[in-house]
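Have a look at the structure below, then the notes.
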Amino acid sequence: MSLLEVNELKTYFKTAEGTVPSVNGVSFSVEAGETLAIVGESGCGKSVTSLSIMQLVSDPGEIVGGEVRFEGKDLLNLPKKEMRKYRGNEISMIFQEPMSSLNPVFTIGNQVGEVLRRHKGLSRGEAKQQAIEMLKRVGIPRAEQIANNFPHQLSGGMRQRVMIAIALACRPKLLIADEPTTALDVTIQAQILDLIGKLSEEENTGVILITHDLGVVAEMADRVVVMYAGEVVEEAPVYELFERPGHPYTIGLMGSLPKMSEQRDRLDSIPGAVPNLLDMPSGCPFHPRCPFAIEACKQTKPALEEQQPGHYVRCLRAGEVG
């Protein structure tokens, strides 16, 4: 049994123009100690998938179908009070923007300690002491002083480390990292990724890494899920994906990467734009942008099928274009 199994997850948003299928039948699994990367353009449903797992989707969004099984238990069937026992304890999340996720009126030590008081029943003094130890563990210098500071007094990299300290305070079995290195300089990015990797290895924590940075994926991930327009279009072990991408969208993403061995005036790009989820094209959602599209692609929506062991592709021409 996998640590996490997501089966046919569907999360829709009701708008004045109609219902938006932001996540439309997404399935994947995560093993203990494994890092699964979810990649794709902005708006493809990566973050909404993670929020759905945590049951943090609010109006006008609604989870309308599927299963999210954590250690065999379907989280979507749990009452809110029961779910709160998992959230921040068994399953934690590093949110995309630490400045908007941290409370500006509470000290850093108070915010890290709150998780420990709520889930571990520690006293305020015990929680603060463990919070300081956690801040040290994520590489924050002068942790005793920083614990008394407020979020605005810290740099972006330090705030992100605080978010990681909060997420890992209760030693979760599953960590969801939503763009954990966004807006950080490359040195801090490397430190944050190294920290997540080490803590995952030490605690055998499963990690879902949500990103659009394929360099981060190559460094961190064991397996990769590629999303497009709310659906999984490819899933494969990381080396297999980089060596033999099977979906034209994945091929386009790979082609947009700069190569040290080549000198080029311009990088390749994928023509067109992500389709409006309220007005999806017939057949394959990617066919208007696909250089390999044939007439059948305009009529038939492909299923996600296994092309090689562990390598799944949603494309009618997967065996021809990879």
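The way I read the labels, and the way they are meant: chains A, B, ... in the order of the structure tokens, residue 1 as the first residue of every chain, and ligand 1 as the first ligand shown, with later ones counted on from there.
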
Residue neighbourhood stretch 294-296 of chain A, 12 Å, only C-alpha atoms, exclusion window fewer than 5 positions, as a PyMOL selection string: chain A and resi 282-284+286-289+301-302+315-317

Keeping only C-alpha atoms, write those residues as a PDB file, in the first residue's frame.
ATOM      1  CA  SER A 282     -12.570  18.765 -28.788  1.00  0.00           C
ATOM      2  CA  GLY A 283     -10.365  15.685 -28.712  1.00  0.00           C
ATOM      3  CA  CYS A 284      -6.939  16.112 -27.131  1.00  0.00           C
ATOM      4  CA  PHE A 286      -3.176  19.954 -26.447  1.00  0.00           C
ATOM      5  CA  HIS A 287      -3.843  19.442 -30.152  1.00  0.00           C
ATOM      6  CA  PRO A 288      -4.156  23.168 -31.081  1.00  0.00           C
ATOM      7  CA  ARG A 289      -0.546  23.649 -29.901  1.00  0.00           C
ATOM      8  CA  LYS A 301      -9.547  12.325 -26.374  1.00  0.00           C
ATOM      9  CA  PRO A 302      -6.677   9.945 -25.526  1.00  0.00           C
ATOM     10  CA  CYS A 315      -1.326  10.751 -26.440  1.00  0.00           C
ATOM     11  CA  LEU A 316      -2.601   8.988 -29.553  1.00  0.00           C
ATOM     12  CA  ARG A 317       0.865   9.188 -31.112  1.00  0.00           C
TER      13      ARG A 317
END

Atom CA of A:Ala293 to atom CA of A:Leu278, distance in Å rounded to a single decimal: 22.1 Å

Test item: residues at most 12 Å from A:Ile63, only C-alpha atoms, excluding those fewer than 3 positions along its chain, as a VMD selection string: chain A and resid 8 to 14 20 to 26 48 to 60 66 to 68 75 to 77

Let me see the file: selected residues, C-alpha atoms, as a short mmCIF file (atom, residue, chain, number, x, y, z; two decimals), in the first residue's frame.
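out38.cif written:
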data_model
loop_
_atom_site.label_atom_id
_atom_site.label_comp_id
_atom_site.auth_asym_id
_atom_site.auth_seq_id
_atom_site.Cartn_x
_atom_site.Cartn_y
_atom_site.Cartn_z
CA GLU A 8 -9.58 10.29 -10.20
CA LEU A 9 -9.53 13.48 -8.14
CA LYS A 10 -11.85 16.20 -9.47
CA THR A 11 -11.97 19.75 -8.14
CA TYR A 12 -14.23 22.26 -9.89
CA PHE A 13 -14.75 25.99 -9.41
CA LYS A 14 -18.15 27.57 -9.99
CA VAL A 20 -14.16 25.36 -14.32
CA PRO A 21 -12.69 21.79 -14.10
CA SER A 22 -9.43 22.89 -12.49
CA VAL A 23 -8.47 19.32 -11.56
CA ASN A 24 -10.17 16.79 -13.80
CA GLY A 25 -9.55 13.13 -12.95
CA VAL A 26 -5.99 13.28 -11.58
CA VAL A 48 -5.23 23.07 -6.62
CA THR A 49 -4.32 19.37 -6.54
CA SER A 50 -2.19 19.94 -3.44
CA LEU A 51 -4.86 22.05 -1.74
CA SER A 52 -7.42 19.33 -2.52
CA ILE A 53 -5.23 16.72 -0.80
CA MET A 54 -5.09 18.96 2.28
CA GLN A 55 -8.83 19.75 1.98
CA LEU A 56 -8.06 23.47 1.86
CA VAL A 57 -10.21 24.21 -1.20
CA SER A 58 -12.75 26.88 -0.32
CA ASP A 59 -15.72 28.47 -2.10
CA PRO A 60 -16.24 28.73 -5.01
CA GLY A 66 -12.33 10.88 -6.53
CA GLU A 67 -10.35 9.53 -3.59
CA VAL A 68 -7.37 10.74 -1.57
CA LEU A 75 -9.31 11.75 3.58
CA LEU A 76 -12.21 13.11 1.55
CA ASN A 77 -14.67 11.20 3.73
#

Test item: residues at most 10 Å from A:Ser42, only C-alpha atoms, excluding those fewer than 5 positions along its chain, as an MDAnalysis selection string: chainID A and resid 47 211:212 228:229 274

Neighbour list for A:Gly109 as number ranges by chain, cut-off 10 Å, only C-alpha atoms, skip fewer than 4 positions in-chain: A: 113-114, 127-132, 134-135, 143-150, 162, 166

Who sits within 8 Å of A:Ala169, only C-alpha atoms, same chain under 2 positions skipped, as a ChimeraX atom specification: /A:112,115-116,131,134,165-167,171-172

Export N, CA and C atoms of the chosen residues as a PDB file, in the first residue's frame?
ATOM      1  N   VAL A 112       5.887  28.581  15.070  1.00  0.00           N
ATOM      2  CA  VAL A 112       6.400  27.206  14.983  1.00  0.00           C
ATOM      3  C   VAL A 112       5.868  26.391  16.155  1.00  0.00           C
ATOM      4  N   VAL A 115       2.064  24.723  16.231  1.00  0.00           N
ATOM      5  CA  VAL A 115       1.837  23.390  15.658  1.00  0.00           C
ATOM      6  C   VAL A 115       2.092  22.323  16.715  1.00  0.00           C
ATOM      7  N   LEU A 116       3.152  22.480  17.480  1.00  0.00           N
ATOM      8  CA  LEU A 116       3.514  21.496  18.497  1.00  0.00           C
ATOM      9  C   LEU A 116       2.516  21.501  19.649  1.00  0.00           C
ATOM     10  N   ALA A 131      10.601  24.561  19.256  1.00  0.00           N
ATOM     11  CA  ALA A 131      10.582  25.428  18.077  1.00  0.00           C
ATOM     12  C   ALA A 131      11.984  25.954  17.786  1.00  0.00           C
ATOM     13  N   MET A 134      13.966  23.273  16.237  1.00  0.00           N
ATOM     14  CA  MET A 134      13.561  23.064  14.857  1.00  0.00           C
ATOM     15  C   MET A 134      14.142  24.138  13.956  1.00  0.00           C
ATOM     16  N   ALA A 165      10.338  24.761   8.802  1.00  0.00           N
ATOM     17  CA  ALA A 165      10.358  24.364  10.213  1.00  0.00           C
ATOM     18  C   ALA A 165       8.948  24.073  10.720  1.00  0.00           C
ATOM     19  N   ILE A 166       7.983  24.918  10.355  1.00  0.00           N
ATOM     20  CA  ILE A 166       6.594  24.695  10.755  1.00  0.00           C
ATOM     21  C   ILE A 166       6.071  23.396  10.146  1.00  0.00           C
ATOM     22  N   ALA A 167       6.362  23.190   8.864  1.00  0.00           N
ATOM     23  CA  ALA A 167       5.853  22.007   8.168  1.00  0.00           C
ATOM     24  C   ALA A 167       6.429  20.720   8.731  1.00  0.00           C
ATOM     25  N   ARG A 171       7.189  16.143  12.406  1.00  0.00           N
ATOM     26  CA  ARG A 171       7.749  15.024  11.644  1.00  0.00           C
ATOM     27  C   ARG A 171       6.670  14.311  10.810  1.00  0.00           C
ATOM     28  N   PRO A 172       6.110  15.009   9.835  1.00  0.00           N
ATOM     29  CA  PRO A 172       5.021  14.437   9.029  1.00  0.00           C
ATOM     30  C   PRO A 172       5.502  13.275   8.176  1.00  0.00           C
TER      31      PRO A 172
END

Sel. of helix (DSSP H, G or I) residues, stretch 33-254 of chain A, as a ChimeraX atom specification: /A:46-53,75-77,80-86,98-101,108-120,124-137,143-146,151-153,156-168,186-203,214-220,238-243,248-254

All strand (DSSP E) positions in stretch 90-172 of chain A, as number ranges by chain: A: 91-94

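Take the candidates A:Ser100, A:Thr182, A:Thr187, A:Ser200 and check each one against A:Ala32 using only C-alpha atoms; the shortest distance goes to A:Ser200.
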
Straight-line distance linking atom CA of A:Ile251 with atom CA of A:Glu305, stated in Å to one decimal: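 Atom CA of A:Glu305 lies 17.2 Å from atom CA of A:Ile251.
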
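Across A:Glu62, A:His119, A:Asp185, A:His311, the tightest approach to A:Arg84 is made by A:His119 when counting only C-alpha atoms.
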
Taking 4 positions as the minimum chain separation for residues in the same chain, which residues sit within 12 Å of A:Gln307 when counting only C-alpha atoms? Answer as a short mmCIF file (atom, residue, chain, number, x, y, z; two decimals) with C-alpha atoms, in the first residue's frame.
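result-v4.cif, freshly written:
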data_model
loop_
_atom_site.label_atom_id
_atom_site.label_comp_id
_atom_site.auth_asym_id
_atom_site.auth_seq_id
_atom_site.Cartn_x
_atom_site.Cartn_y
_atom_site.Cartn_z
CA GLU A 234 2.53 11.92 -18.57
CA GLU A 235 4.01 10.08 -15.61
CA ALA A 236 7.42 8.42 -15.48
CA GLU A 240 13.06 7.96 -18.09
CA LEU A 241 11.16 11.21 -18.54
CA ARG A 244 12.47 9.58 -23.47
CA PRO A 245 9.65 12.12 -23.03
CA GLY A 246 6.54 10.65 -24.62
CA HIS A 247 3.96 13.47 -24.72
CA ALA A 303 -6.50 7.85 -22.37
CA HIS A 311 5.85 5.26 -17.99
CA TYR A 312 2.33 6.49 -18.78
CA VAL A 313 1.43 8.88 -21.63
CA ARG A 314 -1.88 10.47 -22.67
CA CYS A 315 -1.33 10.75 -26.44
CA LEU A 316 -2.60 8.99 -29.55
CA ARG A 317 0.86 9.19 -31.11
CA ALA A 318 2.93 8.44 -28.01
CA GLY A 319 4.84 5.57 -29.60
CA GLU A 320 5.73 7.69 -32.64
CA GLY A 322 8.80 10.11 -28.11
#

Atom CA of A:Leu174 to atom CA of A:Thr205, straight-line distance in Å: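 Computed distance, atom CA of A:Thr205 to atom CA of A:Leu174, equals 5.6 Å.
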
Residue among A:Cys170, A:Leu102, A:Ile270, A:Ile176 lying closest to A:Met158, counting only C-alpha atoms: A:Leu102

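The nearest approach to A:Asp74 among the residues A:Glu5, A:Lys136, A:Thr19, A:Ser27, with only C-alpha atoms taken into account, belongs to A:Glu5.
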